[in-house]
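Text of upload.cif, listed as mmCIF, C-alpha atoms:
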data_final
loop_
_atom_site.group_PDB
_atom_site.id
_atom_site.type_symbol
_atom_site.label_atom_id
_atom_site.label_comp_id
_atom_site.auth_asym_id
_atom_site.auth_seq_id
_atom_site.Cartn_x
_atom_site.Cartn_y
_atom_site.Cartn_z
ATOM 1 C CA MET A 1 9.907 -9.087 -31.114
ATOM 2 C CA LYS A 2 13.361 -9.582 -29.546
ATOM 3 C CA ASN A 3 11.843 -9.240 -26.094
ATOM 4 C CA ASN A 4 9.241 -11.955 -26.862
ATOM 5 C CA THR A 5 11.960 -14.301 -28.168
ATOM 6 C CA TYR A 6 13.981 -13.755 -25.011
ATOM 7 C CA ARG A 7 10.952 -14.463 -22.827
ATOM 8 C CA LYS A 8 10.293 -17.721 -24.688
ATOM 9 C CA LYS A 9 13.879 -18.837 -24.124
ATOM 10 C CA ILE A 10 13.676 -18.033 -20.416
ATOM 11 C CA LYS A 11 10.320 -19.787 -20.174
ATOM 12 C CA LYS A 12 11.696 -22.886 -21.898
ATOM 13 C CA LYS A 13 14.736 -22.921 -19.619
ATOM 14 C CA TYR A 14 12.669 -22.876 -16.444
ATOM 15 C CA THR A 15 9.918 -25.248 -17.534
ATOM 16 C CA ALA A 16 12.261 -27.744 -19.160
ATOM 17 C CA GLY A 17 15.376 -27.241 -17.019
ATOM 18 C CA ILE A 18 13.818 -28.481 -13.764
ATOM 19 C CA PRO A 19 11.797 -31.546 -14.828
ATOM 20 C CA GLY A 20 8.539 -32.129 -13.035
ATOM 21 C CA HIS A 21 8.473 -28.913 -11.013
ATOM 22 C CA VAL A 22 6.685 -26.476 -13.346
ATOM 23 C CA LEU A 23 4.320 -27.285 -16.206
ATOM 24 C CA ASP A 24 3.982 -23.737 -17.496
ATOM 25 C CA ALA A 25 5.558 -20.424 -16.531
ATOM 26 C CA ASP A 26 6.282 -16.852 -17.550
ATOM 27 C CA TYR A 27 8.884 -14.590 -15.914
ATOM 28 C CA PHE A 28 10.044 -10.977 -16.022
ATOM 29 C CA TYR A 29 13.246 -9.395 -14.715
ATOM 30 C CA TYR A 30 14.526 -5.911 -13.895
ATOM 31 C CA ASP A 31 18.127 -4.735 -13.720
ATOM 32 C CA THR A 32 17.944 -4.184 -9.964
ATOM 33 C CA ALA A 33 21.266 -4.633 -8.176
ATOM 34 C CA PRO A 34 20.852 -6.398 -4.793
ATOM 35 C CA TYR A 35 22.495 -3.654 -2.732
ATOM 36 C CA GLU A 36 21.407 -0.488 -4.530
ATOM 37 C CA HIS A 37 20.009 2.174 -2.208
ATOM 38 C CA GLN A 38 16.425 2.475 -3.413
ATOM 39 C CA GLU A 39 13.181 2.873 -1.501
ATOM 40 C CA LEU A 40 11.540 -0.039 -3.324
ATOM 41 C CA ALA A 41 12.604 -1.989 -6.401
ATOM 42 C CA ILE A 42 11.295 -5.205 -7.926
ATOM 43 C CA VAL A 43 13.946 -7.721 -8.938
ATOM 44 C CA CYS A 44 11.761 -10.217 -10.771
ATOM 45 C CA GLY A 45 8.376 -11.854 -10.801
ATOM 46 C CA GLY A 46 6.307 -14.364 -12.688
ATOM 47 C CA TYR A 47 3.538 -16.883 -13.047
ATOM 48 C CA GLU A 48 3.951 -20.630 -12.487
ATOM 49 C CA LYS A 49 1.633 -23.570 -13.010
ATOM 50 C CA CYS A 50 3.139 -26.131 -10.682
ATOM 51 C CA ALA A 51 3.524 -29.846 -11.309
ATOM 52 C CA SER A 52 2.459 -32.427 -8.743
ATOM 53 C CA ASP A 53 6.045 -32.711 -7.457
ATOM 54 C CA PHE A 54 6.708 -28.968 -7.145
ATOM 55 C CA ASP A 55 8.997 -28.638 -4.124
ATOM 56 C CA ILE A 56 11.143 -25.594 -3.284
ATOM 57 C CA ASN A 57 13.141 -25.770 -0.046
ATOM 58 C CA ARG A 58 15.580 -22.902 0.647
ATOM 59 C CA ASN A 59 17.653 -22.181 3.755
ATOM 60 C CA ASN A 60 18.042 -18.551 2.727
ATOM 61 C CA TYR A 61 16.796 -16.083 0.132
ATOM 62 C CA PRO A 62 18.326 -12.678 -0.644
ATOM 63 C CA TYR A 63 15.071 -10.805 -1.390
ATOM 64 C CA CYS A 64 11.681 -10.047 0.083
ATOM 65 C CA PHE A 65 9.188 -12.410 -1.504
ATOM 66 C CA ILE A 66 5.409 -12.639 -1.926
ATOM 67 C CA LYS A 67 3.358 -15.331 -3.666
ATOM 68 C CA TYR A 68 -0.370 -15.240 -4.427
ATOM 69 C CA THR A 69 -2.108 -18.587 -4.980
ATOM 70 C CA VAL A 70 -4.445 -18.340 -7.961
ATOM 71 C CA LYS A 71 -5.590 -21.977 -8.236
ATOM 72 C CA GLY A 72 -4.942 -25.323 -6.602
ATOM 73 C CA LYS A 73 -3.446 -26.179 -3.234
ATOM 74 C CA GLY A 74 -0.134 -26.589 -1.471
ATOM 75 C CA MET A 75 1.668 -25.687 1.720
ATOM 76 C CA LEU A 76 4.297 -23.291 3.065
ATOM 77 C CA GLU A 77 6.511 -24.495 5.891
ATOM 78 C CA ILE A 78 8.164 -21.556 7.631
ATOM 79 C CA LYS A 79 9.458 -20.959 11.178
ATOM 80 C CA ASN A 80 8.137 -24.329 12.391
ATOM 81 C CA LYS A 81 4.657 -23.630 11.014
ATOM 82 C CA ILE A 82 2.846 -25.385 8.171
ATOM 83 C CA LEU A 83 0.519 -22.962 6.396
ATOM 84 C CA PRO A 84 -2.054 -24.190 3.832
ATOM 85 C CA LEU A 85 -2.114 -22.657 0.360
ATOM 86 C CA LYS A 86 -5.350 -22.240 -1.584
ATOM 87 C CA PRO A 87 -6.878 -19.668 -3.963
ATOM 88 C CA GLY A 88 -6.987 -16.235 -2.341
ATOM 89 C CA VAL A 89 -4.015 -16.778 -0.021
ATOM 90 C CA LEU A 90 -1.053 -14.391 -0.051
ATOM 91 C CA THR A 91 2.175 -15.671 1.487
ATOM 92 C CA GLY A 92 5.599 -14.158 1.884
ATOM 93 C CA PHE A 93 8.701 -13.468 3.923
ATOM 94 C CA GLU A 94 11.564 -11.017 4.291
ATOM 95 C CA SER A 95 15.079 -11.663 2.995
ATOM 96 C CA GLY A 96 17.135 -14.256 4.838
ATOM 97 C CA THR A 97 14.138 -16.396 5.844
ATOM 98 C CA ALA A 98 14.256 -20.186 5.427
ATOM 99 C CA HIS A 99 11.130 -21.576 3.763
ATOM 100 C CA HIS A 100 9.653 -24.631 2.058
ATOM 101 C CA TYR A 101 6.922 -24.467 -0.616
ATOM 102 C CA LYS A 102 5.308 -27.715 -1.756
ATOM 103 C CA ALA A 103 2.375 -28.461 -4.063
ATOM 104 C CA ASP A 104 -0.550 -30.714 -3.242
ATOM 105 C CA PRO A 105 0.087 -33.692 -5.607
ATOM 106 C CA LYS A 106 -3.643 -34.102 -6.259
ATOM 107 C CA ASP A 107 -4.318 -30.428 -6.971
ATOM 108 C CA PRO A 108 -1.042 -28.512 -7.510
ATOM 109 C CA MET A 109 -1.253 -24.743 -7.252
ATOM 110 C CA GLU A 110 -0.826 -21.958 -9.761
ATOM 111 C CA HIS A 111 0.625 -18.736 -8.423
ATOM 112 C CA ILE A 112 2.009 -15.274 -9.157
ATOM 113 C CA PHE A 113 5.148 -14.243 -7.290
ATOM 114 C CA ILE A 114 7.198 -11.057 -6.867
ATOM 115 C CA THR A 115 10.671 -10.553 -5.392
ATOM 116 C CA PHE A 116 11.830 -7.110 -4.308
ATOM 117 C CA VAL A 117 14.365 -5.099 -2.299
ATOM 118 C CA GLY A 118 14.701 -1.551 -0.990
ATOM 119 C CA ASN A 119 15.022 0.643 2.074
ATOM 120 C CA ARG A 120 11.231 0.632 2.500
ATOM 121 C CA ALA A 121 10.696 -3.047 1.701
ATOM 122 C CA GLY A 122 10.960 -4.255 5.293
ATOM 123 C CA SER A 123 8.681 -1.501 6.580
ATOM 124 C CA LEU A 124 6.007 -2.312 4.000
ATOM 125 C CA PHE A 125 6.291 -6.002 4.815
ATOM 126 C CA ARG A 126 5.797 -5.387 8.531
ATOM 127 C CA LYS A 127 2.818 -3.096 7.932
ATOM 128 C CA SER A 128 1.180 -5.794 5.812
ATOM 129 C CA ALA A 129 1.657 -8.321 8.663
ATOM 130 C CA LEU A 130 3.331 -10.806 6.305
ATOM 131 C CA ALA A 131 6.599 -10.369 8.204
ATOM 132 C CA LYS A 132 5.013 -11.966 11.270
ATOM 133 C CA ARG A 133 2.174 -14.085 9.897
ATOM 134 C CA HIS A 134 3.650 -15.129 6.510
ATOM 135 C CA CYS A 135 0.163 -16.102 5.325
ATOM 136 C CA LEU A 136 -2.914 -13.921 4.778
ATOM 137 C CA GLU A 137 -6.238 -14.959 3.312
ATOM 138 C CA ALA A 138 -7.605 -12.060 1.279
ATOM 139 C CA ALA A 139 -11.007 -10.710 2.245
ATOM 140 C CA ASN A 140 -11.301 -9.412 -1.336
ATOM 141 C CA PRO A 141 -9.468 -12.034 -3.452
ATOM 142 C CA GLU A 142 -10.547 -10.624 -6.808
ATOM 143 C CA ASP A 143 -9.042 -7.222 -5.986
ATOM 144 C CA VAL A 144 -5.764 -8.803 -4.876
ATOM 145 C CA LEU A 145 -5.633 -10.936 -8.007
ATOM 146 C CA LYS A 146 -6.199 -7.871 -10.214
ATOM 147 C CA ILE A 147 -3.231 -6.068 -8.658
ATOM 148 C CA CYS A 148 -0.996 -9.153 -8.972
ATOM 149 C CA ARG A 149 -1.976 -9.555 -12.624
ATOM 150 C CA ARG A 150 -1.284 -5.892 -13.307
ATOM 151 C CA ILE A 151 2.199 -6.264 -11.864
ATOM 152 C CA LEU A 152 2.749 -9.429 -13.928
ATOM 153 C CA ASP A 153 1.401 -7.941 -17.168
ATOM 154 C CA THR A 154 3.350 -4.690 -16.746
ATOM 155 C CA GLY A 155 6.533 -6.591 -15.957
ATOM 156 C CA LEU A 156 6.147 -8.811 -19.002
ATOM 157 C CA GLN A 157 5.206 -6.032 -21.427
ATOM 158 C CA LYS A 158 7.800 -3.548 -20.108
ATOM 159 C CA PRO A 159 6.136 -0.270 -21.138
ATOM 160 C CA ALA A 160 7.801 3.020 -20.255
ATOM 161 C CA PHE A 161 8.174 3.445 -16.467
ATOM 162 C CA SER A 162 7.209 -0.195 -15.926
ATOM 163 C CA GLN A 163 9.416 -0.616 -12.822
ATOM 164 C CA GLU A 164 7.849 2.455 -11.191
ATOM 165 C CA ILE A 165 4.338 1.304 -12.123
ATOM 166 C CA CYS A 166 4.920 -2.186 -10.727
ATOM 167 C CA CYS A 167 6.362 -0.782 -7.488
ATOM 168 C CA SER A 168 3.320 1.467 -7.080
ATOM 169 C CA TYR A 169 1.015 -1.523 -7.438
ATOM 170 C CA LEU A 170 3.184 -3.452 -4.972
ATOM 171 C CA ARG A 171 2.894 -0.664 -2.390
ATOM 172 C CA ILE A 172 -0.881 -0.672 -2.797
ATOM 173 C CA LEU A 173 -1.014 -4.453 -2.455
ATOM 174 C CA LEU A 174 0.985 -4.496 0.779
ATOM 175 C CA LEU A 175 -0.586 -1.419 2.387
ATOM 176 C CA GLU A 176 -4.111 -2.628 1.638
ATOM 177 C CA ARG A 177 -3.359 -5.809 3.578
ATOM 178 C CA ALA A 178 -2.825 -3.611 6.642
ATOM 179 C CA VAL A 179 -6.393 -2.312 6.524
ATOM 180 C CA SER A 180 -8.442 -5.016 4.793
ATOM 181 C CA VAL A 181 -7.358 -8.239 6.504
ATOM 182 C CA PRO A 182 -9.409 -8.908 9.674
ATOM 183 C CA ASN A 183 -7.555 -8.840 12.989
ATOM 184 C CA ILE A 184 -4.302 -7.843 11.367
ATOM 185 C CA SER A 185 -3.305 -5.929 14.494
ATOM 186 C CA PRO A 186 -4.844 -7.863 17.380
ATOM 187 C CA HIS A 187 -2.695 -6.122 20.005
ATOM 188 C CA VAL A 188 -3.480 -2.497 19.151
ATOM 189 C CA SER A 189 -3.495 -0.556 22.418
ATOM 190 C CA ILE A 190 -6.594 1.182 23.741
ATOM 191 C CA SER A 191 -4.885 4.547 23.294
ATOM 192 C CA MET A 192 -4.055 3.856 19.628
ATOM 193 C CA SER A 193 -7.614 2.677 19.011
ATOM 194 C CA THR A 194 -8.939 5.875 20.593
ATOM 195 C CA TYR A 195 -6.566 8.014 18.513
ATOM 196 C CA ARG A 196 -7.775 6.350 15.311
ATOM 197 C CA LYS A 197 -11.402 6.885 16.362
ATOM 198 C CA CYS A 198 -10.762 10.602 16.947
ATOM 199 C CA LYS A 199 -8.863 10.971 13.681
ATOM 200 C CA ARG A 200 -11.666 9.282 11.721
ATOM 201 C CA TYR A 201 -14.191 11.657 13.304
ATOM 202 C CA ILE A 202 -12.083 14.671 12.291
ATOM 203 C CA ASP A 203 -11.605 13.348 8.745
ATOM 204 C CA SER A 204 -15.386 13.043 8.328
ATOM 205 C CA ASN A 205 -16.419 16.302 10.027
ATOM 206 C CA PHE A 206 -13.507 18.764 9.885
ATOM 207 C CA SER A 207 -15.417 21.395 7.882
ATOM 208 C CA SER A 208 -17.884 21.979 10.710
ATOM 209 C CA ILE A 209 -15.525 21.470 13.677
ATOM 210 C CA LEU A 210 -14.818 24.757 15.446
ATOM 211 C CA ASN A 211 -12.356 23.524 18.084
ATOM 212 C CA PRO A 212 -10.807 20.263 19.382
ATOM 213 C CA SER A 213 -13.123 20.148 22.401
ATOM 214 C CA GLU A 214 -15.956 19.164 20.030
ATOM 215 C CA VAL A 215 -13.928 16.165 18.876
ATOM 216 C CA ALA A 216 -13.124 15.164 22.441
ATOM 217 C CA GLU A 217 -16.777 15.357 23.453
ATOM 218 C CA GLN A 218 -17.974 13.304 20.469
ATOM 219 C CA CYS A 219 -15.332 10.641 21.145
ATOM 220 C CA GLY A 220 -15.993 10.427 24.888
ATOM 221 C CA ILE A 221 -12.656 11.771 26.162
ATOM 222 C CA ASN A 222 -11.374 15.077 27.545
ATOM 223 C CA VAL A 223 -9.508 17.575 25.401
ATOM 224 C CA ARG A 224 -6.197 17.122 27.257
ATOM 225 C CA TYR A 225 -6.206 13.410 26.521
ATOM 226 C CA LEU A 226 -7.027 14.167 22.882
ATOM 227 C CA ALA A 227 -3.973 16.454 22.709
ATOM 228 C CA SER A 228 -1.766 13.793 24.301
ATOM 229 C CA LEU A 229 -2.959 11.162 21.790
ATOM 230 C CA PHE A 230 -2.060 13.368 18.820
ATOM 231 C CA LYS A 231 1.297 14.209 20.390
ATOM 232 C CA ARG A 232 2.033 10.498 20.849
ATOM 233 C CA TYR A 233 0.763 9.083 17.548
ATOM 234 C CA GLY A 234 0.500 12.007 15.139
ATOM 235 C CA LEU A 235 2.782 14.659 13.695
ATOM 236 C CA LEU A 236 0.402 17.564 14.408
ATOM 237 C CA SER A 237 -1.746 18.796 17.275
ATOM 238 C CA PRO A 238 -5.525 18.314 16.887
ATOM 239 C CA SER A 239 -5.936 22.028 16.073
ATOM 240 C CA GLN A 240 -3.184 21.941 13.442
ATOM 241 C CA TYR A 241 -4.583 18.785 11.844
ATOM 242 C CA ILE A 242 -8.124 20.224 11.644
ATOM 243 C CA GLN A 243 -6.868 23.542 10.260
ATOM 244 C CA ARG A 244 -4.750 21.922 7.545
ATOM 245 C CA LEU A 245 -7.704 19.889 6.314
ATOM 246 C CA LYS A 246 -9.872 23.032 6.251
ATOM 247 C CA LEU A 247 -7.300 25.103 4.370
ATOM 248 C CA ASN A 248 -6.612 22.405 1.785
ATOM 249 C CA LYS A 249 -10.348 22.091 1.150
ATOM 250 C CA ALA A 250 -10.543 25.887 0.837
ATOM 251 C CA ALA A 251 -7.726 25.912 -1.729
ATOM 252 C CA ASN A 252 -9.566 23.324 -3.796
ATOM 253 C CA LEU A 253 -12.783 25.360 -3.646
ATOM 254 C CA LEU A 254 -10.880 28.463 -4.783
ATOM 255 C CA LEU A 255 -9.606 26.619 -7.846
ATOM 256 C CA THR A 256 -12.760 24.713 -8.782
ATOM 257 C CA THR A 257 -15.653 27.058 -7.937
ATOM 258 C CA ASP A 258 -16.716 30.698 -8.342
ATOM 259 C CA LEU A 259 -17.682 31.010 -4.674
ATOM 260 C CA LYS A 260 -16.773 34.239 -2.928
ATOM 261 C CA ILE A 261 -13.994 34.190 -0.310
ATOM 262 C CA LYS A 262 -16.577 34.717 2.441
ATOM 263 C CA GLU A 263 -18.636 31.762 1.207
ATOM 264 C CA ILE A 264 -15.597 29.487 1.050
ATOM 265 C CA ALA A 265 -14.598 30.532 4.554
ATOM 266 C CA GLU A 266 -18.043 29.594 5.842
ATOM 267 C CA GLN A 267 -17.941 26.223 4.075
ATOM 268 C CA VAL A 268 -14.818 25.264 6.024
ATOM 269 C CA GLY A 269 -16.036 26.599 9.362
ATOM 270 C CA TYR A 270 -14.577 30.115 9.444
ATOM 271 C CA PHE A 271 -17.118 32.832 10.199
ATOM 272 C CA ASP A 272 -14.578 35.652 10.213
ATOM 273 C CA PRO A 273 -13.327 36.106 6.602
ATOM 274 C CA TYR A 274 -10.259 38.068 7.711
ATOM 275 C CA HIS A 275 -9.215 35.365 10.175
ATOM 276 C CA PHE A 276 -9.712 32.790 7.420
ATOM 277 C CA SER A 277 -7.663 34.809 4.898
ATOM 278 C CA LYS A 278 -4.854 35.369 7.401
ATOM 279 C CA ASN A 279 -4.616 31.644 8.178
ATOM 280 C CA PHE A 280 -4.836 30.783 4.470
ATOM 281 C CA LYS A 281 -1.923 33.102 3.633
ATOM 282 C CA HIS A 282 0.170 31.698 6.477
ATOM 283 C CA PHE A 283 -0.394 28.138 5.221
ATOM 284 C CA HIS A 284 -0.445 28.556 1.412
ATOM 285 C CA GLY A 285 1.799 31.619 1.105
ATOM 286 C CA ARG A 286 -0.829 33.728 -0.721
ATOM 287 C CA TRP A 287 -3.984 35.606 0.183
ATOM 288 C CA PRO A 288 -7.017 33.626 -1.072
ATOM 289 C CA ASN A 289 -7.823 36.032 -3.917
ATOM 290 C CA HIS A 290 -4.158 36.127 -5.028
ATOM 291 C CA TYR A 291 -4.022 32.321 -4.880
ATOM 292 C CA ARG A 292 -7.044 32.107 -7.187
ATOM 293 C CA LEU A 293 -5.811 34.782 -9.623
ATOM 294 C CA GLU A 294 -2.317 33.303 -9.832
ATOM 295 C CA HIS A 295 -3.752 29.926 -10.743
ATOM 296 C CA MET A 296 -5.986 31.473 -13.413
ATOM 297 C CA ARG A 297 -2.982 33.268 -14.964
ATOM 298 C CA ASN A 298 -1.010 30.036 -15.034
ATOM 299 C CA GLU A 299 -3.920 28.232 -16.730
ATOM 300 C CA ILE A 300 -4.208 30.925 -19.426
ATOM 301 C CA ALA A 301 -0.437 30.921 -19.966
#
Would you mind writing the file out in structure tokens?
Amino acid sequence: MKNNTYRKKIKKKYTAGIPGHVLDADYFYYDTAPYEHQELAIVCGGYEKCASDFDINRNNYPYCFIKYTVKGKGMLEIKNKILPLKPGVLTGFESGTAHHYKADPKDPMEHIFITFVGNRAGSLFRKSALAKRHCLEAANPEDVLKICRRILDTGLQKPAFSQEICCSYLRILLLERAVSVPNISPHVSISMSTYRKCKRYIDSNFSSILNPSEVAEQCGINVRYLASLFKRYGLLSPSQYIQRLKLNKAANLLLTTDLKIKEIAEQVGYFDPYHFSKNFKHFHGRWPNHYRLEHMRNEIA
């Protein structure tokens, strides 16, 4: 009850304190200090139904900022560009960026916004392409809106772990922009594109892959070039990457099926059970049968 009263006071202050800018609004706040060393932390966020004369012009801003247009129209002027706002458009900028938001007087926008800080904030922003483009039109606007509303609702309701929940949604929102927005990385090199192609092939077929030369052949390159791509862009060699996927799948099969060790080995492309068991122990720290029995004991306990 006290929290609702406080929210009403804040809402009244912002809707009545700046006449003509906002017709309706709701805001939430977290106790995030500007210079705390955190990976990602939301400072505040909210919903605003803008008036026809909504006009925000700042020379600087201390936080990373994103705004999703839900209804109506407007514009963002940033770095000598004028970017149109309409439903389905996500805009934003990193801290310290001058910007100018203005509503279309005939059809002023409604939006949800989030401000945040953290050691990973800049990295997430750059991956999303908002750091460079500042404006992205969502290919799946309903999905983006759902995430924004979840952040807003969680921030307003403040359940247990609400800051952590909101930050998780924020990570998803920004990282999904990196893969769902068309042409988000127009200057990806040929080598990076080839690496991603090879990695996708491994991810889809690792169980049946016997050695990296199969991957190279399927992707139209030689095995030395495949190794150089993984050395340049990945943390593991092709063989290590394939083996880790196999052994993690094997561990899951041990815990979720009654298959024999030999059968599990065959399902992940090992036709020598001893070789499989030796590799499994090296990676997981237990022989396959011990791994299974230990888990069963823990479940019973």
Residue members of the PyMOL selection byres ((chain A and resi 37-46) around 9) in the file shown, as a PyMOL selection string: chain A and resi 25-36+47-48+63+111-121+151-152+155-156+163-164+166-167+170-171
6 Å contact set for segment 99-108 of chain A, all atoms listed in the file, chain neighbours under 6 positions out, as a VMD selection string: chain A and resid 50 52 54 to 58 72 to 78
Any chance you could resolve the PyMOL selection byres ((chain A and resi 291) around 12) against this file and give the residues as a list in words?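 Against this file, the PyMOL selection byres ((chain A and resi 291) around 12) returns the residues Ala250, Ala251, Asn252, Leu253, Leu254, Leu255, Ile261, Ser277, Phe280, Lys281, Phe283, His284, Gly285, Arg286, Trp287, Pro288, Asn289, His290, Arg292, Leu293, Glu294, His295, Met296, Arg297 and Asn298 of chain A.
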Output file for the selection above: C-alpha atoms, as a tab-separated table (two decimals), in the coordinates of the input:
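Result saved to result-v2.tsv:
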chain	number	residue	atom	x	y	z
A	250	ALA	CA	-10.54	25.89	0.84
A	251	ALA	CA	-7.73	25.91	-1.73
A	252	ASN	CA	-9.57	23.32	-3.80
A	253	LEU	CA	-12.78	25.36	-3.65
A	254	LEU	CA	-10.88	28.46	-4.78
A	255	LEU	CA	-9.61	26.62	-7.85
A	261	ILE	CA	-13.99	34.19	-0.31
A	277	SER	CA	-7.66	34.81	4.90
A	280	PHE	CA	-4.84	30.78	4.47
A	281	LYS	CA	-1.92	33.10	3.63
A	283	PHE	CA	-0.39	28.14	5.22
A	284	HIS	CA	-0.44	28.56	1.41
A	285	GLY	CA	1.80	31.62	1.10
A	286	ARG	CA	-0.83	33.73	-0.72
A	287	TRP	CA	-3.98	35.61	0.18
A	288	PRO	CA	-7.02	33.63	-1.07
A	289	ASN	CA	-7.82	36.03	-3.92
A	290	HIS	CA	-4.16	36.13	-5.03
A	292	ARG	CA	-7.04	32.11	-7.19
A	293	LEU	CA	-5.81	34.78	-9.62
A	294	GLU	CA	-2.32	33.30	-9.83
A	295	HIS	CA	-3.75	29.93	-10.74
A	296	MET	CA	-5.99	31.47	-13.41
A	297	ARG	CA	-2.98	33.27	-14.96
A	298	ASN	CA	-1.01	30.04	-15.03
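Residues matched by the PyMOL selection byres ((chain A and resi 86) around 9) in this structure: Thr69, Val70, Lys71, Gly72, Lys73, Gly74, Met75, Pro84, Leu85, Pro87, Gly88, Val89, Met109 and Glu137 of chain A.
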Atoms to include: C-alpha atoms. Write the selected residues as a compact mmCIF listing (two decimals), in the coordinates of the input.
# COMPACT_ATOMS: atom_id res chain seq x y z
CA THR A 69 -2.11 -18.59 -4.98
CA VAL A 70 -4.44 -18.34 -7.96
CA LYS A 71 -5.59 -21.98 -8.24
CA GLY A 72 -4.94 -25.32 -6.60
CA LYS A 73 -3.45 -26.18 -3.23
CA GLY A 74 -0.13 -26.59 -1.47
CA MET A 75 1.67 -25.69 1.72
CA PRO A 84 -2.05 -24.19 3.83
CA LEU A 85 -2.11 -22.66 0.36
CA PRO A 87 -6.88 -19.67 -3.96
CA GLY A 88 -6.99 -16.24 -2.34
CA VAL A 89 -4.01 -16.78 -0.02
CA MET A 109 -1.25 -24.74 -7.25
CA GLU A 137 -6.24 -14.96 3.31
When distances are computed from all atoms listed in the file, which of A:Lys197, A:Lys49, A:Arg126, A:His134 shows the smallest separation from Ile221 of chain A?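 Among the listed residues, the smallest separation from Ile221 of chain A belongs to A:Lys197.
Going from atom CA of Arg150 of chain A over to atom CA of Glu94 of chain A, you cover 22.4 Å.
Between atom CA of Glu217 of chain A and atom CA of Ile264 of chain A lies a distance of 26.5 Å.
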Report, in Å with one decimal, the straight-line distance from atom CA of Gln243 of chain A to atom CA of Val215 of chain A.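 Here the two named atoms are 13.4 Å from each other.
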Which one of A:Ala265, A:Cys148, A:Leu23, A:Cys219 sits closest to Asn279 of chain A if you count all atoms listed in the file? A:Ala265
